[in-house]
Amino acid sequence: MIDLLPLLQNLGLLSLGAVVVFLILQQFRLPRTSRRRSAVLGLVLGAVAGLVMSAPAQGLADSAFHTGAGPLVLAGVFGGPVAAGVAAAIAGVARHAAAGPGVLGEVAAMGLYAVAGGSFGRLARRRTLPPVQVFWFPVLSVVATLVVLPSFYVGQSLYSGGANLAGSWASVLLGTLLGVTLLGLALSRLLETAERGHRLARFLDGSEVARRAAGIGVWRYDLRRNRVEWDKVQHELIGLAPGEFGGTYDAFRDIVDSADRPRFDAAFRNAIRTRTPFSDLYRARTVDGRIKHLGIHADFATDTDGTPEVVVGVNVDRTAELALQAELWLKSAAVDSAVCGITITEATDGVPIVFVNQAFTTITGYRLDEVAGRNCSLLSDGLPDQPELRTIRQAIAEKGTCAVTLRNRRKDGVEFWNALRVAPIRNAAGRVTHFIGVQEDVSEQIRSRRAVANARDELGAVLAAAPDAMLTVDREQRISRFNAAATRLFGWTHMEIVGQSLELLLPESIRVHHRSLAAGFIDDPLSRPGPMSGQRIIEAKRRDGSVFPALVSLARYQSTDGPAVAVVAHDMSDIVAVQDDLKALSEQLRDQLRSAEAANLAKSRFLAGMSHEFRTPLNAILGFTEMIRHFGPGKLGTAKTAEYLDHIHQSGSHLLEIISDILDLSRVEADSVALAIAVHDAGGIVGEAIDVIGPLAEAKGVVIERAVSEVVLVRCDPRALRQCLLNLLSNAVKYAPSGSTVEIGAVDGPEMVRIVVADQGPGFPKALVDRIGEPFLRLTDPSLASAEGTGLGLAITQKLVLRQHGTLHLGRRPGGGTEAMIGIPSGRSEPSVVGSERRQAPSWPPDGSR
């Protein structure tokens, strides 16, 4: 008998299990092939089977009991071996706990149900069986019943098992059929519904991802309720979190930039009025103040009478697109305005041209429509083959780059030099799709380079042939060029000196000064010809260390590496030597001229003095003689005549003395007086001079004091030195006042002996010191006008002192009077050579009287 109540309860449990499986899968969106899905199916269906089979055992004949086979079989079908094993384990444990160890056959039956379902499902997944359909489940029930029949013999004898099987197989088949079929149909529909939900959710997720990536926001405007709904992407476009949008048309309108808002408003209202789709492009302001360009596209859903109810639309973020368009336009304009010609060719056979810019047309004369589809070799048609063409073909064949300069021909036939660079263009996959060629007309550069090369060769020839040293110096004062003449002048070869500092060619003494001048000259960008670029003579140094004068001229110029200086140097050694000789000769001539002028002046003074000295005694002689002749001795008387004759005799004697002094001076100046230089006692010579002048001093009342206390040796001619002392003592006594003292002394020294004659007279004027030795030099003091003398004594004294290698100095004494000092070589020093001793002349003085 079949008890319907338990059967209905079990079927309800099966339905509840199907619903639980659906809800779990729907909530967690478990993929069909995931292990988590299999575990969930096994757990839920195992729990349902356990509840059904944990009821009090009513025997295998109870159909209600065998409805529990449905969850076990279907766990294997829909969840695979994992789900089948989990379900069988849960149900077996539950049944064993409820009925005890005597139900081993029933526990074995649960495992067999799971094996049958798992095998059936595996065959289905391998496409061995057709997809799950309604007829599946009755067939699966029969198969599962057949598979589970051996469990009737578990724990029983063959007879008992056979008897139970014979009496229960119909109930087993009915329960399995009901459980598998009803639960299978429910699960298949619910799982299919869940899968569709999963697919829809995945589609929506994918759609949202795609819209987010594309910047497409979806919105819906309910015109009757004045409500606007935004999706997540639309919120993100404006920078709002989901749910923060106000939900009204005014809130939607407020995101539009104020400049575009009136136009947006009018177009939207017109679309509602005319019931036509609405498209526009406007600027929207995001929450953070940025501007986005949004393209809006909307259409209307109407009610039965055609009244618009809902506006559904999308906002597409076209900010990046517009920026890209602007960038592409800018790049296109830049390419078209480039001064270099640009060609783009396809990387296919023939390498046809697909694009040229305006510069290409300007350079070659060809427009795009004239060269499109043709090869760039058209520019070299008619020209001889060039190696550069093979380089270009090889680069294209190898998908590489190359840069060449070759001859091409314009559309009008004029040839030009073309600097061309070819490079491949690759797509995102790295495949070469095109080639780009950048060309430039370098004809002028080629001509300029050739001109520069010719000028360089010409300059090299000039430098090599130049007789003067030429070199160039860079900003760091390193030598960069050195011609052959520089090698001959300085001794350094070009290889040795290039790269070295210019200071190598300068002596140490001028390097610091040169460094500061050169640095300022080189670094000054406004340098103009001036002191540094004019010619000047400096000291230069050769490799062997010798220093010589060089005439240099500098010029600053701009090289490719910065400012530099060109230097031209000429050896001035010979010229400087000639200049020095000329200068010395000029000095000699100047000295001789001064001497001649001085001699001429001295001669004039001498003649003037001599005429004055001669005229005075002669006038006296002539005057007194004329008076004697006119009056006669008789009229004058004997006394007067004798007086006149005395005057005549004195004047004649004075005249004779003048003539004798002049003759003596001329003999000394003519170097015709022989001197016998030897060592003598200065004290003896001083004593002899005092003895001669003593009577004159005594007659005038002048005292001569001698200050020579010991032997003082001098190297002199005694007669010449005595004459010098006589002249000085005579002058001292002559100008000394009566009752005064004249001092004479000799002071010994290591090299010179000083003999000093000092008086208390008027003193020797400073103005006459430089004229000592000039003939007829006399004081002009009126108070001393009566002092006798010719003024030749000092001249003779100076010359005799100089002949003995001595010196004569005159000056005022601190207390008044004149001090004359003769410096004569000491007798203890080495003898000097006296040039005049080579000549023989009469002894000096001739009569020893002076």
# chains A, B, ... in the order shown; residues from 1 in each chain; ligands from 1

$ residues_around --residues "Pro633 in chain A" --least-positions-apart "5" --cutoff "12 Å" --atoms "only C-alpha atoms" --output "PyMOL selection string"
chain A and resi 624-628+638-645

$ write_last_selection --atoms "N, CA and C atoms" --output "mmCIF file, in the first residue's frame"
data_model
loop_
_atom_site.group_PDB
_atom_site.id
_atom_site.type_symbol
_atom_site.label_atom_id
_atom_site.label_comp_id
_atom_site.auth_asym_id
_atom_site.auth_seq_id
_atom_site.Cartn_x
_atom_site.Cartn_y
_atom_site.Cartn_z
ATOM 1 N N PHE A 624 148.478 153.188 -17.435
ATOM 2 C CA PHE A 624 149.640 153.796 -16.778
ATOM 3 C C PHE A 624 150.732 154.114 -17.783
ATOM 4 N N THR A 625 150.909 153.281 -18.794
ATOM 5 C CA THR A 625 151.925 153.557 -19.817
ATOM 6 C C THR A 625 151.586 154.837 -20.562
ATOM 7 N N GLU A 626 150.296 155.008 -20.914
ATOM 8 C CA GLU A 626 149.851 156.200 -21.642
ATOM 9 C C GLU A 626 150.097 157.465 -20.813
ATOM 10 N N MET A 627 149.882 157.340 -19.490
ATOM 11 C CA MET A 627 150.093 158.514 -18.644
ATOM 12 C C MET A 627 151.580 158.862 -18.593
ATOM 13 N N ILE A 628 152.441 157.820 -18.483
ATOM 14 C CA ILE A 628 153.887 158.096 -18.476
ATOM 15 C C ILE A 628 154.288 158.728 -19.780
ATOM 16 N N THR A 638 159.662 161.290 -9.919
ATOM 17 C CA THR A 638 160.242 159.960 -9.755
ATOM 18 C C THR A 638 159.328 159.051 -8.965
ATOM 19 N N ALA A 639 158.744 159.560 -7.905
ATOM 20 C CA ALA A 639 157.871 158.711 -7.037
ATOM 21 C C ALA A 639 156.648 158.234 -7.788
ATOM 22 N N LYS A 640 156.005 159.158 -8.550
ATOM 23 C CA LYS A 640 154.790 158.775 -9.262
ATOM 24 C C LYS A 640 155.104 157.830 -10.399
ATOM 25 N N THR A 641 156.226 158.134 -11.041
ATOM 26 C CA THR A 641 156.618 157.257 -12.144
ATOM 27 C C THR A 641 156.891 155.851 -11.620
ATOM 28 N N ALA A 642 157.605 155.798 -10.483
ATOM 29 C CA ALA A 642 157.882 154.466 -9.897
ATOM 30 C C ALA A 642 156.594 153.746 -9.495
ATOM 31 N N GLU A 643 155.635 154.533 -8.980
ATOM 32 C CA GLU A 643 154.329 153.916 -8.598
ATOM 33 C C GLU A 643 153.638 153.362 -9.827
ATOM 34 N N TYR A 644 153.657 154.185 -10.918
ATOM 35 C CA TYR A 644 153.001 153.714 -12.139
ATOM 36 C C TYR A 644 153.697 152.477 -12.696
ATOM 37 N N LEU A 645 155.006 152.481 -12.584
ATOM 38 C CA LEU A 645 155.741 151.306 -13.091
ATOM 39 C C LEU A 645 155.439 150.072 -12.230
#

$ select_by_dssp --residues "range 534-581 of chain A" --states "strand (DSSP E)" --output "compact mmCIF listing (two decimals) with all heavy atoms, in the first residue's frame"
# COMPACT_ATOMS: atom_id res chain seq x y z
N ARG A 536 101.43 93.98 -30.60
CA ARG A 536 102.22 94.32 -29.42
C ARG A 536 103.37 93.33 -29.31
O ARG A 536 103.30 92.21 -29.82
CB ARG A 536 101.37 94.29 -28.16
CG ARG A 536 100.68 92.97 -27.93
CD ARG A 536 99.74 93.01 -26.75
NE ARG A 536 100.42 93.41 -25.54
CZ ARG A 536 99.87 93.30 -24.34
NH1 ARG A 536 98.66 92.81 -24.22
NH2 ARG A 536 100.52 93.68 -23.26
N ILE A 537 104.42 93.75 -28.64
CA ILE A 537 105.60 92.90 -28.46
C ILE A 537 105.56 92.33 -27.05
O ILE A 537 105.41 93.07 -26.07
CB ILE A 537 106.90 93.70 -28.69
CG1 ILE A 537 106.96 94.17 -30.15
CG2 ILE A 537 108.11 92.85 -28.35
CD1 ILE A 537 108.18 94.99 -30.46
N ILE A 538 105.65 91.01 -26.95
CA ILE A 538 105.67 90.33 -25.66
C ILE A 538 106.87 89.39 -25.63
O ILE A 538 107.52 89.15 -26.65
CB ILE A 538 104.37 89.53 -25.43
CG1 ILE A 538 104.28 88.37 -26.44
CG2 ILE A 538 103.15 90.41 -25.51
CD1 ILE A 538 103.18 87.38 -26.13
N GLU A 539 107.12 88.85 -24.45
CA GLU A 539 108.17 87.84 -24.31
C GLU A 539 107.56 86.46 -24.58
O GLU A 539 106.49 86.13 -24.07
CB GLU A 539 108.76 87.87 -22.90
CG GLU A 539 109.65 89.08 -22.64
CD GLU A 539 110.34 88.98 -21.29
OE1 GLU A 539 109.87 88.19 -20.45
OE2 GLU A 539 111.34 89.67 -21.07
N ALA A 540 108.23 85.65 -25.39
CA ALA A 540 107.79 84.29 -25.70
C ALA A 540 108.91 83.32 -25.36
O ALA A 540 110.08 83.72 -25.18
CB ALA A 540 107.39 84.18 -27.17
N LYS A 541 108.54 82.04 -25.26
CA LYS A 541 109.52 81.04 -24.84
C LYS A 541 109.52 79.89 -25.84
O LYS A 541 108.45 79.39 -26.23
CB LYS A 541 109.17 80.51 -23.45
CG LYS A 541 110.25 79.58 -22.88
CD LYS A 541 109.90 79.12 -21.48
CE LYS A 541 108.80 78.08 -21.49
NZ LYS A 541 108.58 77.49 -20.16
N VAL A 547 114.10 82.61 -24.11
CA VAL A 547 113.08 83.65 -24.19
C VAL A 547 113.46 84.63 -25.28
O VAL A 547 114.64 85.00 -25.42
CB VAL A 547 112.92 84.37 -22.84
CG1 VAL A 547 111.91 85.50 -22.94
CG2 VAL A 547 112.50 83.37 -21.77
N PHE A 548 112.49 85.06 -26.07
CA PHE A 548 112.75 85.99 -27.16
C PHE A 548 111.55 86.92 -27.31
O PHE A 548 110.43 86.59 -26.91
CB PHE A 548 113.01 85.24 -28.48
CG PHE A 548 111.80 84.51 -28.99
CD1 PHE A 548 110.98 85.07 -29.96
CD2 PHE A 548 111.46 83.25 -28.49
CE1 PHE A 548 109.86 84.40 -30.43
CE2 PHE A 548 110.35 82.58 -28.96
CZ PHE A 548 109.54 83.15 -29.93
N PRO A 549 111.77 88.10 -27.86
CA PRO A 549 110.65 89.02 -28.10
C PRO A 549 109.88 88.62 -29.35
O PRO A 549 110.49 88.24 -30.36
CB PRO A 549 111.34 90.38 -28.27
CG PRO A 549 112.70 90.04 -28.79
CD PRO A 549 113.08 88.71 -28.17
N ALA A 550 108.54 88.69 -29.25
CA ALA A 550 107.69 88.31 -30.38
C ALA A 550 106.64 89.39 -30.57
O ALA A 550 106.03 89.88 -29.62
CB ALA A 550 107.03 86.97 -30.15
N LEU A 551 106.44 89.78 -31.83
CA LEU A 551 105.37 90.71 -32.18
C LEU A 551 104.11 89.89 -32.45
O LEU A 551 104.10 89.06 -33.36
CB LEU A 551 105.76 91.52 -33.42
CG LEU A 551 104.70 92.50 -33.95
CD1 LEU A 551 104.45 93.61 -32.95
CD2 LEU A 551 105.10 93.05 -35.30
N VAL A 552 103.07 90.06 -31.63
CA VAL A 552 101.85 89.25 -31.76
C VAL A 552 100.67 90.16 -32.06
O VAL A 552 100.63 91.33 -31.64
CB VAL A 552 101.58 88.44 -30.48
CG1 VAL A 552 102.71 87.48 -30.21
CG2 VAL A 552 101.33 89.34 -29.29
N SER A 553 99.74 89.61 -32.79
CA SER A 553 98.44 90.25 -33.01
C SER A 553 97.37 89.20 -32.79
O SER A 553 97.52 88.04 -33.18
CB SER A 553 98.35 90.84 -34.42
OG SER A 553 98.53 89.81 -35.40
N LEU A 554 96.29 89.58 -32.12
CA LEU A 554 95.23 88.66 -31.73
C LEU A 554 93.92 89.08 -32.38
O LEU A 554 93.65 90.27 -32.57
CB LEU A 554 95.06 88.64 -30.21
CG LEU A 554 96.32 88.43 -29.37
CD1 LEU A 554 95.98 88.52 -27.89
CD2 LEU A 554 96.95 87.09 -29.68
N ALA A 555 93.10 88.09 -32.68
CA ALA A 555 91.75 88.35 -33.20
C ALA A 555 90.81 87.30 -32.64
O ALA A 555 91.09 86.11 -32.73
CB ALA A 555 91.74 88.34 -34.73
N ARG A 556 89.71 87.74 -32.06
CA ARG A 556 88.72 86.83 -31.49
C ARG A 556 87.72 86.42 -32.58
O ARG A 556 87.31 87.24 -33.39
CB ARG A 556 87.97 87.53 -30.35
CG ARG A 556 86.93 86.67 -29.64
CD ARG A 556 86.23 87.51 -28.58
NE ARG A 556 85.26 86.75 -27.83
CZ ARG A 556 84.01 86.52 -28.23
NH1 ARG A 556 83.60 86.99 -29.39
NH2 ARG A 556 83.18 85.82 -27.48
N TYR A 557 87.36 85.13 -32.60
CA TYR A 557 86.34 84.65 -33.54
C TYR A 557 85.50 83.58 -32.86
O TYR A 557 85.86 83.08 -31.79
CB TYR A 557 86.99 84.10 -34.82
CG TYR A 557 87.78 82.83 -34.62
CD1 TYR A 557 87.20 81.58 -34.86
CD2 TYR A 557 89.10 82.87 -34.21
CE1 TYR A 557 87.93 80.42 -34.69
CE2 TYR A 557 89.84 81.71 -34.04
CZ TYR A 557 89.25 80.48 -34.28
OH TYR A 557 89.95 79.34 -34.10
N GLN A 558 84.39 83.22 -33.47
CA GLN A 558 83.46 82.24 -32.91
C GLN A 558 83.60 80.93 -33.66
O GLN A 558 83.30 80.85 -34.85
CB GLN A 558 82.01 82.75 -33.00
CG GLN A 558 81.01 81.93 -32.20
CD GLN A 558 81.18 82.11 -30.70
OE1 GLN A 558 81.71 83.13 -30.26
NE2 GLN A 558 80.74 81.15 -29.94
N SER A 559 84.06 79.89 -32.96
CA SER A 559 84.17 78.57 -33.56
C SER A 559 82.95 77.74 -33.18
O SER A 559 82.08 78.19 -32.43
CB SER A 559 85.45 77.88 -33.10
OG SER A 559 85.34 77.52 -31.73
N GLY A 562 82.71 77.34 -29.46
CA GLY A 562 82.66 78.53 -28.62
C GLY A 562 83.68 79.57 -29.07
O GLY A 562 84.32 79.43 -30.14
N PRO A 563 83.85 80.63 -28.31
CA PRO A 563 84.80 81.67 -28.69
C PRO A 563 86.23 81.15 -28.72
O PRO A 563 86.62 80.30 -27.93
CB PRO A 563 84.60 82.74 -27.61
CG PRO A 563 84.01 82.02 -26.45
CD PRO A 563 83.18 80.92 -27.02
N ALA A 564 87.01 81.68 -29.66
CA ALA A 564 88.41 81.27 -29.80
C ALA A 564 89.21 82.48 -30.27
O ALA A 564 88.65 83.53 -30.59
CB ALA A 564 88.54 80.10 -30.78
N VAL A 565 90.51 82.32 -30.30
CA VAL A 565 91.41 83.43 -30.66
C VAL A 565 92.44 82.92 -31.67
O VAL A 565 92.99 81.83 -31.50
CB VAL A 565 92.12 84.00 -29.41
CG1 VAL A 565 93.15 85.05 -29.82
CG2 VAL A 565 91.12 84.60 -28.45
N ALA A 566 92.66 83.72 -32.70
CA ALA A 566 93.73 83.46 -33.66
C ALA A 566 94.93 84.35 -33.31
O ALA A 566 94.77 85.54 -33.01
CB ALA A 566 93.27 83.73 -35.08
N VAL A 567 96.12 83.76 -33.34
CA VAL A 567 97.33 84.46 -32.93
C VAL A 567 98.34 84.40 -34.07
O VAL A 567 98.56 83.33 -34.65
CB VAL A 567 97.94 83.82 -31.66
CG1 VAL A 567 99.17 84.61 -31.21
CG2 VAL A 567 96.91 83.75 -30.55
N VAL A 568 98.92 85.55 -34.40
CA VAL A 568 100.02 85.62 -35.36
C VAL A 568 101.24 86.17 -34.61
O VAL A 568 101.14 87.21 -33.95
CB VAL A 568 99.68 86.52 -36.56
CG1 VAL A 568 100.86 86.60 -37.52
CG2 VAL A 568 98.45 85.99 -37.29
N ALA A 569 102.37 85.45 -34.69
CA ALA A 569 103.58 85.83 -33.94
C ALA A 569 104.76 85.94 -34.91
O ALA A 569 104.91 85.11 -35.82
CB ALA A 569 103.87 84.82 -32.84
N HIS A 570 105.57 86.97 -34.70
CA HIS A 570 106.77 87.18 -35.51
C HIS A 570 107.97 87.40 -34.59
O HIS A 570 107.88 88.15 -33.62
CB HIS A 570 106.58 88.41 -36.42
CG HIS A 570 107.75 88.70 -37.30
ND1 HIS A 570 108.00 87.99 -38.46
CD2 HIS A 570 108.75 89.62 -37.20
CE1 HIS A 570 109.10 88.46 -39.03
NE2 HIS A 570 109.58 89.45 -38.28
N ASP A 571 109.08 86.73 -34.91
CA ASP A 571 110.29 86.85 -34.08
C ASP A 571 110.89 88.25 -34.26
O ASP A 571 111.27 88.65 -35.36
CB ASP A 571 111.30 85.78 -34.51
CG ASP A 571 112.49 85.72 -33.57
OD1 ASP A 571 112.55 86.55 -32.64
OD2 ASP A 571 113.36 84.85 -33.77

$ residues_around --residues "Gly739 in chain A" --least-positions-apart "3" --cutoff "12 Å" --atoms "only C-alpha atoms" --output "list in words"
Ala697, Glu698, Ala699, Lys700, Gly701, Val702, Val703, Ile704, Val733, Tyr735, Ala736, Val742, Asp759, Gln760 and Gly761 of chain A

$ residues_around --residues "Ala469 in chain A" --least-positions-apart "6" --cutoff "8 Å" --atoms "only C-alpha atoms" --output "ChimeraX atom specification"
/A:482-487,489,568-570

$ write_last_selection --atoms "N, CA and C atoms" --output "PDB file, in the first residue's frame"
ATOM      1  N   PHE A 482      98.509  74.779 -35.247  1.00  0.00           N
ATOM      2  CA  PHE A 482      99.912  75.187 -35.139  1.00  0.00           C
ATOM      3  C   PHE A 482     100.546  74.985 -36.511  1.00  0.00           C
ATOM      4  N   ASN A 483     100.906  76.096 -37.186  1.00  0.00           N
ATOM      5  CA  ASN A 483     101.429  75.930 -38.545  1.00  0.00           C
ATOM      6  C   ASN A 483     102.929  75.640 -38.525  1.00  0.00           C
ATOM      7  N   ALA A 484     103.486  75.431 -39.745  1.00  0.00           N
ATOM      8  CA  ALA A 484     104.891  75.045 -39.851  1.00  0.00           C
ATOM      9  C   ALA A 484     105.813  76.153 -39.361  1.00  0.00           C
ATOM     10  N   ALA A 485     105.434  77.420 -39.647  1.00  0.00           N
ATOM     11  CA  ALA A 485     106.273  78.521 -39.183  1.00  0.00           C
ATOM     12  C   ALA A 485     106.313  78.582 -37.659  1.00  0.00           C
ATOM     13  N   ALA A 486     105.188  78.226 -37.013  1.00  0.00           N
ATOM     14  CA  ALA A 486     105.175  78.187 -35.547  1.00  0.00           C
ATOM     15  C   ALA A 486     106.106  77.099 -35.034  1.00  0.00           C
ATOM     16  N   THR A 487     106.138  75.978 -35.738  1.00  0.00           N
ATOM     17  CA  THR A 487     107.072  74.912 -35.346  1.00  0.00           C
ATOM     18  C   THR A 487     108.515  75.399 -35.441  1.00  0.00           C
ATOM     19  N   LEU A 489     109.525  78.473 -35.212  1.00  0.00           N
ATOM     20  CA  LEU A 489     109.776  79.557 -34.267  1.00  0.00           C
ATOM     21  C   LEU A 489     109.885  79.034 -32.838  1.00  0.00           C
ATOM     22  N   VAL A 568      98.920  85.549 -34.396  1.00  0.00           N
ATOM     23  CA  VAL A 568     100.025  85.618 -35.363  1.00  0.00           C
ATOM     24  C   VAL A 568     101.237  86.169 -34.609  1.00  0.00           C
ATOM     25  N   ALA A 569     102.374  85.445 -34.690  1.00  0.00           N
ATOM     26  CA  ALA A 569     103.577  85.833 -33.945  1.00  0.00           C
ATOM     27  C   ALA A 569     104.762  85.935 -34.906  1.00  0.00           C
ATOM     28  N   HIS A 570     105.573  86.966 -34.698  1.00  0.00           N
ATOM     29  CA  HIS A 570     106.774  87.184 -35.514  1.00  0.00           C
ATOM     30  C   HIS A 570     107.970  87.401 -34.591  1.00  0.00           C
TER      31      HIS A 570
END

$ closest_residue --among "A:Val20, A:Trp219, A:Ile824, A:Asp544" --to "Pro507 in chain A" --atoms "only C-alpha atoms"
A:Asp544

$ residues_around --residues "Ala423 in chain A" --least-positions-apart "3" --cutoff "9 Å" --atoms "only C-alpha atoms" --output "CSV table (one decimal) with N, CA and C atoms, in the first residue's frame"
chain,number,residue,atom,x,y,z
A,395,ALA,N,67.0,48.8,-46.5
A,395,ALA,CA,66.3,49.1,-45.3
A,395,ALA,C,64.8,48.8,-45.3
A,396,ILE,N,64.2,49.0,-46.5
A,396,ILE,CA,62.7,48.7,-46.6
A,396,ILE,C,62.6,47.2,-46.6
A,399,LYS,N,62.8,46.1,-43.1
A,399,LYS,CA,61.9,46.8,-42.1
A,399,LYS,C,62.7,47.6,-41.1
A,400,GLY,N,63.7,48.2,-41.6
A,400,GLY,CA,64.6,49.0,-40.7
A,400,GLY,C,64.6,50.5,-41.1
A,401,THR,N,65.5,51.2,-40.6
A,401,THR,CA,65.7,52.6,-40.9
A,401,THR,C,67.0,52.9,-41.6
A,402,CYS,N,67.1,54.0,-42.3
A,402,CYS,CA,68.3,54.5,-42.9
A,402,CYS,C,68.2,56.0,-43.1
A,403,ALA,N,69.4,56.5,-43.3
A,403,ALA,CA,69.5,58.0,-43.5
A,403,ALA,C,70.6,58.2,-44.6
A,434,HIS,N,53.5,50.7,-42.6
A,434,HIS,CA,53.8,51.8,-43.5
A,434,HIS,C,55.3,52.2,-43.3
A,435,PHE,N,55.8,53.0,-44.2
A,435,PHE,CA,57.1,53.7,-44.0
A,435,PHE,C,56.9,55.2,-44.1
A,436,ILE,N,57.7,55.9,-43.3
A,436,ILE,CA,57.6,57.4,-43.4
A,436,ILE,C,59.0,57.9,-43.8
A,437,GLY,N,59.0,58.8,-44.7
A,437,GLY,CA,60.2,59.4,-45.2
A,437,GLY,C,60.2,60.9,-45.0
A,438,VAL,N,61.3,61.3,-44.4
A,438,VAL,CA,61.5,62.8,-44.1
A,438,VAL,C,62.6,63.3,-45.0

$ residues_around --residues "range 800-817 of chain A" --least-positions-apart "4" --cutoff "7 Å" --atoms "only C-alpha atoms" --output "PyMOL selection string"
chain A and resi 716+720+759-764+769+796+821-825

$ write_last_selection --atoms "N, CA and C atoms" --output "PDB file, in the first residue's frame"
ATOM      1  N   CYS A 716     148.924 108.481  -4.907  1.00  0.00           N
ATOM      2  CA  CYS A 716     148.771 109.722  -5.664  1.00  0.00           C
ATOM      3  C   CYS A 716     150.092 110.100  -6.327  1.00  0.00           C
ATOM      4  N   ALA A 720     151.150 116.617  -7.987  1.00  0.00           N
ATOM      5  CA  ALA A 720     149.794 117.000  -8.396  1.00  0.00           C
ATOM      6  C   ALA A 720     148.916 117.203  -7.173  1.00  0.00           C
ATOM      7  N   ASP A 759     137.278 126.789   5.788  1.00  0.00           N
ATOM      8  CA  ASP A 759     137.529 128.160   6.198  1.00  0.00           C
ATOM      9  C   ASP A 759     136.278 128.740   6.830  1.00  0.00           C
ATOM     10  N   GLN A 760     136.396 129.995   7.249  1.00  0.00           N
ATOM     11  CA  GLN A 760     135.266 130.678   7.886  1.00  0.00           C
ATOM     12  C   GLN A 760     134.805 131.835   7.024  1.00  0.00           C
ATOM     13  N   GLY A 761     135.003 131.706   5.722  1.00  0.00           N
ATOM     14  CA  GLY A 761     134.620 132.754   4.797  1.00  0.00           C
ATOM     15  C   GLY A 761     133.122 132.772   4.517  1.00  0.00           C
ATOM     16  N   PRO A 762     132.714 133.405   3.383  1.00  0.00           N
ATOM     17  CA  PRO A 762     131.288 133.549   3.078  1.00  0.00           C
ATOM     18  C   PRO A 762     130.608 132.239   2.687  1.00  0.00           C
ATOM     19  N   GLY A 763     131.353 131.224   2.386  1.00  0.00           N
ATOM     20  CA  GLY A 763     130.742 129.943   1.997  1.00  0.00           C
ATOM     21  C   GLY A 763     130.546 129.846   0.494  1.00  0.00           C
ATOM     22  N   PHE A 764     130.567 128.655  -0.002  1.00  0.00           N
ATOM     23  CA  PHE A 764     130.425 128.403  -1.444  1.00  0.00           C
ATOM     24  C   PHE A 764     128.943 128.295  -1.788  1.00  0.00           C
ATOM     25  N   VAL A 769     127.749 124.805  -7.170  1.00  0.00           N
ATOM     26  CA  VAL A 769     128.335 123.482  -6.904  1.00  0.00           C
ATOM     27  C   VAL A 769     128.424 122.669  -8.182  1.00  0.00           C
ATOM     28  N   ILE A 796     141.606 123.472 -12.445  1.00  0.00           N
ATOM     29  CA  ILE A 796     142.811 122.640 -12.514  1.00  0.00           C
ATOM     30  C   ILE A 796     142.782 121.584 -11.416  1.00  0.00           C
ATOM     31  N   MET A 821     136.584 119.137   0.044  1.00  0.00           N
ATOM     32  CA  MET A 821     137.081 117.808   0.424  1.00  0.00           C
ATOM     33  C   MET A 821     137.577 117.102  -0.831  1.00  0.00           C
ATOM     34  N   ILE A 822     138.836 116.588  -0.699  1.00  0.00           N
ATOM     35  CA  ILE A 822     139.411 115.756  -1.757  1.00  0.00           C
ATOM     36  C   ILE A 822     139.383 114.310  -1.263  1.00  0.00           C
ATOM     37  N   GLY A 823     138.745 113.422  -2.063  1.00  0.00           N
ATOM     38  CA  GLY A 823     138.811 112.005  -1.772  1.00  0.00           C
ATOM     39  C   GLY A 823     139.851 111.364  -2.655  1.00  0.00           C
ATOM     40  N   ILE A 824     140.888 110.748  -2.072  1.00  0.00           N
ATOM     41  CA  ILE A 824     141.999 110.178  -2.828  1.00  0.00           C
ATOM     42  C   ILE A 824     142.149 108.727  -2.409  1.00  0.00           C
ATOM     43  N   PRO A 825     142.451 107.785  -3.325  1.00  0.00           N
ATOM     44  CA  PRO A 825     142.558 106.375  -2.949  1.00  0.00           C
ATOM     45  C   PRO A 825     143.566 106.148  -1.838  1.00  0.00           C
TER      46      PRO A 825
END

$ residues_around --residues "Ile296 in chain A" --least-positions-apart "6" --cutoff "8 Å" --atoms "only C-alpha atoms" --output "ChimeraX atom specification"
/A:278-282,313-316

$ atom_distance --atom1 "CA of Val422 in chain A" --atom2 "CA of Ile392 in chain A"
7.5 Å

$ closest_residue --among "A:Tyr221, A:Val335, A:Thr361, A:Phe416" --to "Phe300 in chain A" --atoms "only C-alpha atoms"
A:Tyr221

$ closest_residue --among "A:Leu41, A:Trp230, A:Arg456, A:Phe120" --to "Leu187 in chain A" --atoms "only C-alpha atoms"
A:Leu41
